[in-house]
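This report refers to the structure that appears directly beneath it.
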Amino acid sequence: MVFPIRLAGLLAVLALLGGCSTVTDWISPAEQDPPAELQDIDAKVTAQELWRVDTGAGSDDKRLNLVPTLEGGRIYVADAEGHVSALDASSGRALWSVQFDAPLSGGPGAGEGLVVIGTIDAEVIALSQADGSLKWRAGVSSEVLSTPVVADGRVVVRTIDGKIDGLDAASGERKWRYEREIPILTLRGTGSPVLSGDHVLCGMAGGKLLSLRVRDGAVLWDATVSVPRGRSELERLADIDGDPLVVEGIVYVATYQGEVAALEESSGALLWRRKFSSYSRMAADRYNVYASDADGSLWALDADNGSARWRQEDLHNRQLSDVALVSDVIAVGDFEGYVHFLSPKDGSLIGRTRVGSKPITKGMRVVDDTLYVMGDGGELAALQLK
């Protein structure tokens with residue numbers, strides 16, 4: 001889950017790890033703190049599977065950010081081997097499919113007639129929503145591990161080297177760039193820009209949150225969510241890898257080894273903050289913010305002040321996915337392809353289903369009362385709760 005992106009950081013970490021592949025393995029070895037075994041539950045909800053399809057290779061165990069995007073009754077999906085498809089959201093029927101000789105890594109994003117995907121090789125590819133035909137290809141500064149945003153004539157793309165580009169939606173020409181220095185050591189992954197009105201919200205390495213105007217990249221505000229602390233680079237990891245969540249003018253955001261916070265969307269002013277560690281996207285209703293922490297506990301935090309209403313620990317170390325809210329029920333995936341359903345009232349487990357055997361990391365999307373779940377192996381299912 002965690003991987004250094006600079007050579008200096010890589011050498012320092014390898015010296016500490018003695019050959020381990022990720023920082024996560026070193027922090028919490030699975031053999032010392034194994035994932036919780038699933039227990040029988042008194043199911044109060046069941047998931048009706050409307051349809052299921054195999055979309056391809058998925059993320060191919062490469063820790064990519066290839067997640068489904070829904071727009072206009074369609075689902076757009078991509079896999080690590082260059083396969084991009086459009087599916088009918090109601091039936092899962094394939095509408096079109098194209099193949100690229102490119103290692104896809106981030107997206108797809110969709111809007112203004114385009115489907116946009118990023119690659120490991122620092123390229124952005126734009127397709128027609130109508131038929132998948134190629135519109136343009138453009139180079140960026142480094143690997144794209146986030147979902148591009150399409151709005152106001154721009155394609156906003158964040159790369160893993162700390163840069164955010166605004167590309168012309170018609171041609172791919174770069175119109176603006178925001179960049180900042182990143183820490184020596186960061187998580188492998190980046191939160192995707194989140195569109196809200198005429199601006200995007202971007203969580204950055206080092207615990208910073210930005211609001212940038214889509215059209216010209218102007219910085220509307222720059223807020224510190226979490227201040228990195230500790231003597232080593234490992235201890236000072238404080239990245240925002242989960243996408244910011246916007247609810248009625250409030251932005252909720254969490255950092256790894258840092259805090260979870262609420263800020264005013266208009267100004268970036270801090271409303272509340274509490275100690276928390278997470279690398280996943282949160283969900284919220286009018287009362288609570290629902291978040292999974294780095295240890296695999298699910299929390300309900302009071303949306304007004306951040307105080308804990310409940311904590312569910314039965315999924316400890318099951319490498320939980322982004323959190324979703326569907327039909328007033330909390331949904332979260334895990335590393336074995338299970339989707340768990342929890343009561344918002346007290347966090348009790350009230351249902352469970354399985355979508356394949358591969359981990360579910362970020363592939364949770366909700367439209368109306370349908371939950372779309374895609375595992376990292378490419379299996380995509382549409383579920384409704386009964």
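Simple scheme: letters A, B, ... for chains in structure tokens order, numbers from 1 for residues in each chain, numbers from 1 for ligands in the order shown.
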task = Mind checking which residues fall within 8 Å of Glu336 in chain A, counting only C-alpha atoms, ignoring those fewer than 6 positions away in the same chain, and posting them as a list in words?
result = Gly356, Ser357, Lys358, Pro359 and Ile360 of chain A
Could those residues be written to a file, using N, CA, C and O atoms, as a PDB file, in the first residue's frame?
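Output contents, as saved in part_21.pdb:
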```pdb
ATOM      1  N   GLY A 356     -16.296 -11.796  -6.354  1.00  0.00           N
ATOM      2  CA  GLY A 356     -15.000 -12.354  -6.730  1.00  0.00           C
ATOM      3  C   GLY A 356     -14.144 -12.651  -5.516  1.00  0.00           C
ATOM      4  O   GLY A 356     -14.588 -12.576  -4.366  1.00  0.00           O
ATOM      5  N   SER A 357     -12.884 -13.005  -5.777  1.00  0.00           N
ATOM      6  CA  SER A 357     -11.951 -13.352  -4.704  1.00  0.00           C
ATOM      7  C   SER A 357     -10.804 -12.369  -4.575  1.00  0.00           C
ATOM      8  O   SER A 357      -9.987 -12.490  -3.670  1.00  0.00           O
ATOM      9  N   LYS A 358     -10.729 -11.412  -5.473  1.00  0.00           N
ATOM     10  CA  LYS A 358      -9.661 -10.420  -5.439  1.00  0.00           C
ATOM     11  C   LYS A 358     -10.017  -9.276  -4.482  1.00  0.00           C
ATOM     12  O   LYS A 358     -11.190  -9.023  -4.197  1.00  0.00           O
ATOM     13  N   PRO A 359      -9.001  -8.548  -3.991  1.00  0.00           N
ATOM     14  CA  PRO A 359      -9.282  -7.407  -3.095  1.00  0.00           C
ATOM     15  C   PRO A 359     -10.159  -6.360  -3.757  1.00  0.00           C
ATOM     16  O   PRO A 359     -10.126  -6.167  -4.976  1.00  0.00           O
ATOM     17  N   ILE A 360     -10.948  -5.692  -2.934  1.00  0.00           N
ATOM     18  CA  ILE A 360     -11.694  -4.504  -3.354  1.00  0.00           C
ATOM     19  C   ILE A 360     -11.012  -3.323  -2.684  1.00  0.00           C
ATOM     20  O   ILE A 360     -10.980  -3.230  -1.463  1.00  0.00           O
TER      21      ILE A 360
END
```
inquiry  = Can you pull out every residue from range 66-291 of chain A that DSSP, working from the backbone, puts in strand (DSSP E), and format the result as a ChimeraX atom specification?
reply    = /A:66,69-71,74-78,83-88,94-99,104-111,114-119,123-128,134-139,149-151,154-158,163-168,174-179,194-196,199-203,208-213,219-224,245-247,250-254,258-264,270-276,283-284,288-291
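Atom to atom, CA of Glu179 in chain A and CA of Ala254 in chain A stand 21.2 Å apart.
Across A:Ala80, A:Leu342, A:Met204, A:Val355, the tightest approach to Tyr279 in chain A is made by A:Met204 when counting only C-alpha atoms.
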message = Taking 3 positions as the minimum chain separation for residues in the same chain, which residues sit within 9 Å of His316 in chain A when counting only C-alpha atoms? Answer as a PyMOL selection string.
response = chain A and resi 34-37+295-298+312-313+319-320
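CA of Lys275 in chain A lies 20.9 Å from CA of Asp314 in chain A.
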task = Tell me, as a ChimeraX atom specification, which residues lie within 10 Å of Arg177 in chain A, counting only C-alpha atoms; anything in the same chain fewer than 6 positions away does not count.
result = /A:156-158,163-167,216-218
Kindly save the residues from that selection, with N, CA, C and O atoms included, as a short mmCIF file (atom, residue, chain, number, x, y, z; two decimals), in the first residue's frame.
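Listing of out_12.cif after writing:
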```
data_model
loop_
_atom_site.label_atom_id
_atom_site.label_comp_id
_atom_site.auth_asym_id
_atom_site.auth_seq_id
_atom_site.Cartn_x
_atom_site.Cartn_y
_atom_site.Cartn_z
N VAL A 156 -8.34 17.91 -15.83
CA VAL A 156 -7.44 18.13 -14.71
C VAL A 156 -6.84 16.79 -14.31
O VAL A 156 -7.57 15.84 -13.99
N VAL A 157 -5.51 16.71 -14.34
CA VAL A 157 -4.79 15.46 -14.11
C VAL A 157 -3.74 15.68 -13.03
O VAL A 157 -2.94 16.63 -13.11
N ARG A 158 -3.73 14.80 -12.04
CA ARG A 158 -2.69 14.84 -11.01
C ARG A 158 -1.72 13.69 -11.21
O ARG A 158 -2.12 12.56 -11.45
N LYS A 163 2.53 17.25 -9.25
CA LYS A 163 2.05 18.24 -10.22
C LYS A 163 0.58 17.99 -10.56
O LYS A 163 0.11 16.85 -10.57
N ILE A 164 -0.13 19.08 -10.85
CA ILE A 164 -1.52 19.02 -11.32
C ILE A 164 -1.59 19.84 -12.59
O ILE A 164 -1.25 21.02 -12.60
N ASP A 165 -2.03 19.21 -13.68
CA ASP A 165 -2.09 19.87 -14.99
C ASP A 165 -3.53 20.10 -15.40
O ASP A 165 -4.40 19.26 -15.17
N GLY A 166 -3.77 21.25 -16.03
CA GLY A 166 -5.04 21.54 -16.67
C GLY A 166 -4.85 21.49 -18.17
O GLY A 166 -4.18 22.36 -18.75
N LEU A 167 -5.38 20.44 -18.82
CA LEU A 167 -5.21 20.25 -20.26
C LEU A 167 -6.47 20.71 -20.99
O LEU A 167 -7.58 20.61 -20.47
N ASP A 216 -8.37 27.99 -14.97
CA ASP A 216 -7.02 28.55 -15.09
C ASP A 216 -6.04 28.07 -14.04
O ASP A 216 -4.88 28.49 -14.03
N GLY A 217 -6.45 27.17 -13.14
CA GLY A 217 -5.54 26.64 -12.14
C GLY A 217 -5.24 27.57 -10.99
O GLY A 217 -4.33 27.28 -10.18
N ALA A 218 -5.95 28.68 -10.88
CA ALA A 218 -5.69 29.62 -9.79
C ALA A 218 -5.94 28.94 -8.44
O ALA A 218 -6.92 28.21 -8.27
#
```
key: Best match for closeness to Val323 in chain A among A:Ser292, A:Ser192, A:Gln32, A:Thr255, counting only C-alpha atoms   = A:Ser292
One-decimal distance in Å that lies between CA of Val225 in chain A and CA of Arg63 in chain A = 25.0 Å
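Nearest to Glu143 in chain A of all the residues A:Leu212, A:Ile41, A:Leu64, A:Val366 is A:Leu64, based on only C-alpha atoms.
If only C-alpha atoms are the atoms counted, then among A:Lys345, A:Arg74, A:Arg354, A:His340 the closest residue to Asp285 in chain A is A:Lys345.
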inquiry  = Set the distance at 10 Å and use only C-alpha atoms: which residues neighbour Asn288 in chain A once local chain neighbours fewer than 2 positions away are removed? I'd like the list as a PyMOL selection string.
reply    = chain A and resi 283-286+290-291+299-309+344-345
Please, could you write that set of residues out with all heavy atoms as a short mmCIF file (atom, residue, chain, number, x, y, z; two decimals), in the first residue's frame?
```cif
data_model
loop_
_atom_site.label_atom_id
_atom_site.label_comp_id
_atom_site.auth_asym_id
_atom_site.auth_seq_id
_atom_site.Cartn_x
_atom_site.Cartn_y
_atom_site.Cartn_z
N ALA A 283 -17.43 8.32 3.49
CA ALA A 283 -18.82 8.57 3.10
C ALA A 283 -19.47 9.37 4.22
O ALA A 283 -18.96 9.42 5.34
CB ALA A 283 -19.57 7.27 2.84
N ALA A 284 -20.61 10.00 3.94
CA ALA A 284 -21.25 10.82 4.96
C ALA A 284 -22.73 10.94 4.69
O ALA A 284 -23.20 10.85 3.55
CB ALA A 284 -20.62 12.22 5.01
N ASP A 285 -23.49 11.14 5.77
CA ASP A 285 -24.88 11.58 5.66
C ASP A 285 -24.98 12.90 6.44
O ASP A 285 -23.95 13.50 6.77
CB ASP A 285 -25.84 10.51 6.18
CG ASP A 285 -25.54 10.06 7.61
OD1 ASP A 285 -24.99 10.87 8.40
OD2 ASP A 285 -25.86 8.90 7.96
N ARG A 286 -26.19 13.35 6.73
CA ARG A 286 -26.32 14.66 7.37
C ARG A 286 -25.83 14.66 8.82
O ARG A 286 -25.61 15.72 9.40
CB ARG A 286 -27.78 15.11 7.34
CG ARG A 286 -28.74 14.19 8.04
CD ARG A 286 -30.16 14.72 7.98
NE ARG A 286 -30.29 15.99 8.67
CZ ARG A 286 -31.45 16.60 8.88
NH1 ARG A 286 -32.57 16.06 8.40
NH2 ARG A 286 -31.51 17.73 9.53
N TYR A 290 -18.40 8.57 7.83
CA TYR A 290 -18.04 7.16 8.02
C TYR A 290 -16.69 6.92 7.35
O TYR A 290 -16.51 7.22 6.17
CB TYR A 290 -19.12 6.25 7.42
CG TYR A 290 -20.50 6.55 7.98
CD1 TYR A 290 -21.43 7.28 7.23
CD2 TYR A 290 -20.85 6.13 9.25
CE1 TYR A 290 -22.69 7.57 7.74
CE2 TYR A 290 -22.11 6.42 9.78
CZ TYR A 290 -23.02 7.14 9.02
OH TYR A 290 -24.26 7.44 9.54
N ALA A 291 -15.76 6.37 8.11
CA ALA A 291 -14.39 6.23 7.62
C ALA A 291 -13.77 4.95 8.13
O ALA A 291 -14.04 4.52 9.26
CB ALA A 291 -13.54 7.43 8.05
N TRP A 299 -15.42 3.66 11.58
CA TRP A 299 -15.81 4.68 12.54
C TRP A 299 -16.98 5.49 12.01
O TRP A 299 -17.08 5.74 10.81
CB TRP A 299 -14.67 5.66 12.80
CG TRP A 299 -13.43 5.09 13.42
CD1 TRP A 299 -12.52 4.26 12.84
CD2 TRP A 299 -12.96 5.35 14.75
NE1 TRP A 299 -11.49 3.98 13.72
CE2 TRP A 299 -11.74 4.63 14.89
CE3 TRP A 299 -13.43 6.11 15.81
CZ2 TRP A 299 -11.00 4.66 16.07
CZ3 TRP A 299 -12.70 6.13 16.99
CH2 TRP A 299 -11.51 5.41 17.11
N ALA A 300 -17.82 5.93 12.94
CA ALA A 300 -18.79 6.99 12.66
C ALA A 300 -18.38 8.19 13.49
O ALA A 300 -18.29 8.11 14.72
CB ALA A 300 -20.20 6.55 13.03
N LEU A 301 -18.07 9.29 12.82
CA LEU A 301 -17.66 10.52 13.48
C LEU A 301 -18.74 11.57 13.31
O LEU A 301 -19.31 11.72 12.22
CB LEU A 301 -16.34 11.04 12.87
CG LEU A 301 -15.18 10.04 12.83
CD1 LEU A 301 -13.98 10.66 12.11
CD2 LEU A 301 -14.78 9.61 14.24
N ASP A 302 -19.04 12.28 14.38
CA ASP A 302 -20.04 13.34 14.33
C ASP A 302 -19.63 14.38 13.30
O ASP A 302 -18.53 14.94 13.35
CB ASP A 302 -20.17 13.99 15.71
CG ASP A 302 -21.34 14.94 15.80
OD1 ASP A 302 -21.42 15.87 14.98
OD2 ASP A 302 -22.18 14.77 16.70
N ALA A 303 -20.50 14.64 12.33
CA ALA A 303 -20.16 15.56 11.24
C ALA A 303 -19.95 16.98 11.73
O ALA A 303 -19.26 17.78 11.08
CB ALA A 303 -21.25 15.54 10.18
N ASP A 304 -20.51 17.33 12.89
CA ASP A 304 -20.41 18.70 13.40
C ASP A 304 -19.13 18.97 14.18
O ASP A 304 -18.63 20.09 14.18
CB ASP A 304 -21.61 19.02 14.29
CG ASP A 304 -22.91 19.07 13.52
OD1 ASP A 304 -22.87 19.44 12.33
OD2 ASP A 304 -23.96 18.74 14.09
N ASN A 305 -18.59 17.92 14.85
CA ASN A 305 -17.42 18.18 15.70
C ASN A 305 -16.35 17.10 15.67
O ASN A 305 -15.31 17.24 16.30
CB ASN A 305 -17.86 18.41 17.16
CG ASN A 305 -18.67 17.24 17.69
OD1 ASN A 305 -18.42 16.09 17.37
ND2 ASN A 305 -19.66 17.55 18.54
N GLY A 306 -16.58 16.00 14.94
CA GLY A 306 -15.57 14.96 14.81
C GLY A 306 -15.53 13.95 15.94
O GLY A 306 -14.72 13.02 15.90
N SER A 307 -16.37 14.09 16.93
CA SER A 307 -16.35 13.13 18.04
C SER A 307 -16.84 11.76 17.56
O SER A 307 -17.66 11.66 16.65
CB SER A 307 -17.23 13.62 19.19
OG SER A 307 -18.58 13.75 18.78
N ALA A 308 -16.32 10.69 18.18
CA ALA A 308 -16.65 9.33 17.77
C ALA A 308 -18.02 8.92 18.30
O ALA A 308 -18.29 9.01 19.50
CB ALA A 308 -15.59 8.36 18.24
N ARG A 309 -18.89 8.46 17.41
CA ARG A 309 -20.19 7.93 17.82
C ARG A 309 -20.10 6.43 18.05
O ARG A 309 -20.68 5.91 18.98
CB ARG A 309 -21.24 8.24 16.76
CG ARG A 309 -21.57 9.72 16.60
CD ARG A 309 -22.76 9.88 15.67
NE ARG A 309 -23.09 11.27 15.41
CZ ARG A 309 -23.92 12.00 16.14
NH1 ARG A 309 -24.47 11.48 17.22
NH2 ARG A 309 -24.18 13.25 15.82
N PRO A 344 -25.74 2.28 10.11
CA PRO A 344 -25.24 3.61 10.47
C PRO A 344 -25.52 3.97 11.93
O PRO A 344 -24.85 4.83 12.49
CB PRO A 344 -25.97 4.55 9.52
CG PRO A 344 -26.53 3.69 8.45
CD PRO A 344 -26.78 2.35 9.07
N LYS A 345 -26.50 3.31 12.53
CA LYS A 345 -26.91 3.66 13.90
C LYS A 345 -25.86 3.27 14.92
O LYS A 345 -25.50 4.06 15.80
CB LYS A 345 -28.24 2.97 14.23
CG LYS A 345 -28.75 3.28 15.61
CD LYS A 345 -30.10 2.61 15.85
CE LYS A 345 -30.61 2.91 17.27
NZ LYS A 345 -31.92 2.24 17.52
#
```
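Take the candidates A:Pro244, A:Gly73, A:Gly139, A:Gly191 and check each one against Gly162 in chain A using only C-alpha atoms; the shortest distance goes to A:Gly191.
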Using only C-alpha atoms, which protein or nucleic acid residues come within 9 Å of range 147-151 of chain A? Drop anything in the same chain fewer than 4 positions from it, and give the result as a short mmCIF file (atom, residue, chain, number, x, y, z; two decimals) with all heavy atoms, in the first residue's frame.
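In the end it all went to around12.cif:
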```
data_model
loop_
_atom_site.label_atom_id
_atom_site.label_comp_id
_atom_site.auth_asym_id
_atom_site.auth_seq_id
_atom_site.Cartn_x
_atom_site.Cartn_y
_atom_site.Cartn_z
N ASN A 65 -4.96 2.74 -9.77
CA ASN A 65 -6.20 3.40 -9.39
C ASN A 65 -7.17 3.36 -10.58
O ASN A 65 -7.59 4.38 -11.11
CB ASN A 65 -5.92 4.85 -8.97
CG ASN A 65 -7.14 5.50 -8.35
OD1 ASN A 65 -8.03 4.83 -7.84
ND2 ASN A 65 -7.19 6.82 -8.40
N LEU A 66 -7.50 2.14 -10.99
CA LEU A 66 -8.43 1.94 -12.09
C LEU A 66 -9.78 1.58 -11.50
O LEU A 66 -10.00 0.46 -11.02
CB LEU A 66 -7.93 0.82 -13.01
CG LEU A 66 -6.61 1.14 -13.73
CD1 LEU A 66 -6.05 -0.10 -14.40
CD2 LEU A 66 -6.80 2.26 -14.75
N VAL A 67 -10.69 2.54 -11.49
CA VAL A 67 -11.98 2.39 -10.82
C VAL A 67 -13.10 2.77 -11.80
O VAL A 67 -12.89 3.57 -12.72
CB VAL A 67 -12.06 3.28 -9.56
CG1 VAL A 67 -11.02 2.84 -8.54
CG2 VAL A 67 -11.85 4.74 -9.91
N GLY A 106 -4.62 5.09 -14.15
CA GLY A 106 -5.49 5.99 -13.40
C GLY A 106 -6.74 6.36 -14.17
O GLY A 106 -6.68 6.78 -15.32
N GLY A 107 -7.91 6.16 -13.54
CA GLY A 107 -9.17 6.53 -14.18
C GLY A 107 -10.04 5.31 -14.42
O GLY A 107 -9.87 4.28 -13.78
N PRO A 108 -10.95 5.41 -15.37
CA PRO A 108 -11.19 6.55 -16.26
C PRO A 108 -12.03 7.65 -15.60
O PRO A 108 -12.79 7.39 -14.67
CB PRO A 108 -11.98 5.93 -17.42
CG PRO A 108 -12.69 4.76 -16.81
CD PRO A 108 -11.79 4.25 -15.73
N GLY A 109 -11.85 8.87 -16.10
CA GLY A 109 -12.74 9.97 -15.79
C GLY A 109 -13.61 10.23 -17.00
O GLY A 109 -13.28 9.84 -18.12
N ALA A 110 -14.75 10.89 -16.79
CA ALA A 110 -15.67 11.12 -17.90
C ALA A 110 -16.36 12.46 -17.75
O ALA A 110 -16.65 12.91 -16.64
CB ALA A 110 -16.71 10.00 -17.98
N GLY A 111 -16.65 13.09 -18.89
CA GLY A 111 -17.38 14.35 -18.90
C GLY A 111 -17.18 15.06 -20.22
O GLY A 111 -16.18 14.85 -20.92
N GLU A 112 -18.15 15.90 -20.59
CA GLU A 112 -18.07 16.73 -21.79
C GLU A 112 -17.76 15.91 -23.03
O GLU A 112 -16.99 16.32 -23.90
CB GLU A 112 -17.06 17.86 -21.61
CG GLU A 112 -17.43 18.79 -20.46
CD GLU A 112 -16.58 20.05 -20.38
OE1 GLU A 112 -15.63 20.19 -21.18
OE2 GLU A 112 -16.88 20.90 -19.52
N LEU A 114 -16.07 13.13 -23.24
CA LEU A 114 -14.78 12.44 -23.22
C LEU A 114 -14.72 11.37 -22.14
O LEU A 114 -15.36 11.49 -21.08
CB LEU A 114 -13.64 13.44 -22.97
CG LEU A 114 -13.37 14.52 -24.00
CD1 LEU A 114 -12.21 15.40 -23.54
CD2 LEU A 114 -13.08 13.92 -25.37
N VAL A 115 -13.92 10.35 -22.40
CA VAL A 115 -13.47 9.40 -21.40
C VAL A 115 -11.94 9.53 -21.35
O VAL A 115 -11.29 9.42 -22.39
CB VAL A 115 -13.87 7.95 -21.76
CG1 VAL A 115 -13.34 6.98 -20.71
CG2 VAL A 115 -15.37 7.83 -21.89
N VAL A 116 -11.38 9.76 -20.15
CA VAL A 116 -9.96 10.10 -20.05
C VAL A 116 -9.27 9.15 -19.07
O VAL A 116 -9.76 8.92 -17.96
CB VAL A 116 -9.77 11.56 -19.58
CG1 VAL A 116 -8.30 11.94 -19.65
CG2 VAL A 116 -10.60 12.50 -20.45
N ILE A 117 -8.13 8.61 -19.50
CA ILE A 117 -7.38 7.65 -18.70
C ILE A 117 -5.92 8.07 -18.64
O ILE A 117 -5.36 8.61 -19.60
CB ILE A 117 -7.46 6.23 -19.31
CG1 ILE A 117 -8.88 5.87 -19.73
CG2 ILE A 117 -6.94 5.19 -18.32
CD1 ILE A 117 -9.14 6.06 -21.20
N GLY A 118 -5.27 7.82 -17.48
CA GLY A 118 -3.84 8.07 -17.34
C GLY A 118 -3.06 6.78 -17.41
O GLY A 118 -3.59 5.69 -17.18
N VAL A 124 -1.69 10.86 -20.99
CA VAL A 124 -3.13 10.96 -20.81
C VAL A 124 -3.79 10.67 -22.15
O VAL A 124 -3.40 11.23 -23.18
CB VAL A 124 -3.54 12.35 -20.30
CG1 VAL A 124 -5.05 12.46 -20.15
CG2 VAL A 124 -2.86 12.65 -18.97
N VAL A 155 -9.25 19.20 -18.77
CA VAL A 155 -9.02 17.89 -18.17
C VAL A 155 -7.96 18.10 -17.09
O VAL A 155 -6.83 18.47 -17.39
CB VAL A 155 -8.53 16.86 -19.20
CG1 VAL A 155 -8.19 15.54 -18.51
CG2 VAL A 155 -9.58 16.65 -20.28
N VAL A 156 -8.34 17.91 -15.83
CA VAL A 156 -7.44 18.13 -14.71
C VAL A 156 -6.84 16.79 -14.31
O VAL A 156 -7.57 15.84 -13.99
CB VAL A 156 -8.17 18.77 -13.52
CG1 VAL A 156 -7.20 19.01 -12.36
CG2 VAL A 156 -8.82 20.08 -13.94
N VAL A 157 -5.51 16.71 -14.34
CA VAL A 157 -4.79 15.46 -14.11
C VAL A 157 -3.74 15.68 -13.03
O VAL A 157 -2.94 16.63 -13.11
CB VAL A 157 -4.09 14.98 -15.40
CG1 VAL A 157 -3.40 13.65 -15.15
CG2 VAL A 157 -5.08 14.85 -16.54
N ARG A 158 -3.73 14.80 -12.04
CA ARG A 158 -2.69 14.84 -11.01
C ARG A 158 -1.72 13.69 -11.21
O ARG A 158 -2.12 12.56 -11.45
CB ARG A 158 -3.31 14.74 -9.63
CG ARG A 158 -2.26 14.82 -8.53
CD ARG A 158 -2.84 14.61 -7.16
NE ARG A 158 -1.76 14.45 -6.20
CZ ARG A 158 -1.93 14.06 -4.96
NH1 ARG A 158 -3.15 13.79 -4.52
NH2 ARG A 158 -0.90 13.94 -4.15
N ALA A 169 -9.51 20.38 -23.13
CA ALA A 169 -10.33 19.19 -23.37
C ALA A 169 -10.45 18.86 -24.85
O ALA A 169 -10.68 17.70 -25.21
CB ALA A 169 -11.72 19.39 -22.76
N GLY A 191 -4.65 10.77 -4.06
CA GLY A 191 -6.07 11.06 -4.11
C GLY A 191 -6.41 11.76 -5.41
O GLY A 191 -5.61 12.53 -5.95
N SER A 192 -7.57 11.47 -5.96
CA SER A 192 -7.98 12.08 -7.22
C SER A 192 -8.55 13.47 -6.98
O SER A 192 -9.16 13.73 -5.93
CB SER A 192 -9.03 11.22 -7.92
OG SER A 192 -8.52 9.95 -8.22
N PRO A 193 -8.38 14.40 -7.93
CA PRO A 193 -9.07 15.69 -7.83
C PRO A 193 -10.57 15.46 -7.77
O PRO A 193 -11.11 14.61 -8.47
CB PRO A 193 -8.66 16.41 -9.12
CG PRO A 193 -7.42 15.71 -9.59
CD PRO A 193 -7.56 14.29 -9.15
N VAL A 194 -11.26 16.23 -6.93
CA VAL A 194 -12.70 16.12 -6.78
C VAL A 194 -13.34 17.42 -7.26
O VAL A 194 -13.03 18.50 -6.73
CB VAL A 194 -13.09 15.83 -5.32
CG1 VAL A 194 -14.60 15.90 -5.12
CG2 VAL A 194 -12.57 14.45 -4.90
N LEU A 195 -14.22 17.31 -8.24
CA LEU A 195 -14.87 18.49 -8.80
C LEU A 195 -16.01 18.96 -7.92
O LEU A 195 -16.84 18.16 -7.47
CB LEU A 195 -15.41 18.15 -10.20
CG LEU A 195 -16.14 19.27 -10.93
CD1 LEU A 195 -15.19 20.39 -11.30
CD2 LEU A 195 -16.83 18.70 -12.18
N ASP A 198 -16.95 25.22 -9.80
CA ASP A 198 -15.95 25.62 -10.77
C ASP A 198 -14.53 25.30 -10.32
O ASP A 198 -13.56 25.77 -10.92
CB ASP A 198 -16.06 27.12 -11.05
CG ASP A 198 -15.70 27.97 -9.83
OD1 ASP A 198 -15.59 27.42 -8.71
OD2 ASP A 198 -15.55 29.21 -10.00
N VAL A 200 -11.63 22.33 -8.26
CA VAL A 200 -11.33 20.97 -7.84
C VAL A 200 -10.61 21.03 -6.49
O VAL A 200 -9.85 21.97 -6.21
CB VAL A 200 -10.46 20.21 -8.86
CG1 VAL A 200 -11.25 19.85 -10.09
CG2 VAL A 200 -9.20 20.99 -9.22
N VAL A 214 -10.80 25.35 -11.97
CA VAL A 214 -10.62 24.43 -13.09
C VAL A 214 -10.12 25.15 -14.33
O VAL A 214 -9.21 24.67 -15.02
CB VAL A 214 -11.94 23.69 -13.40
CG1 VAL A 214 -11.83 22.90 -14.70
CG2 VAL A 214 -12.32 22.77 -12.25
N ARG A 215 -10.68 26.31 -14.63
CA ARG A 215 -10.39 26.96 -15.90
C ARG A 215 -8.94 27.40 -16.04
O ARG A 215 -8.32 27.21 -17.09
CB ARG A 215 -11.31 28.17 -16.09
CG ARG A 215 -11.26 28.79 -17.48
CD ARG A 215 -11.83 27.85 -18.51
NE ARG A 215 -11.68 28.38 -19.86
CZ ARG A 215 -11.98 27.70 -20.96
NH1 ARG A 215 -12.44 26.47 -20.86
NH2 ARG A 215 -11.83 28.24 -22.16
#
```
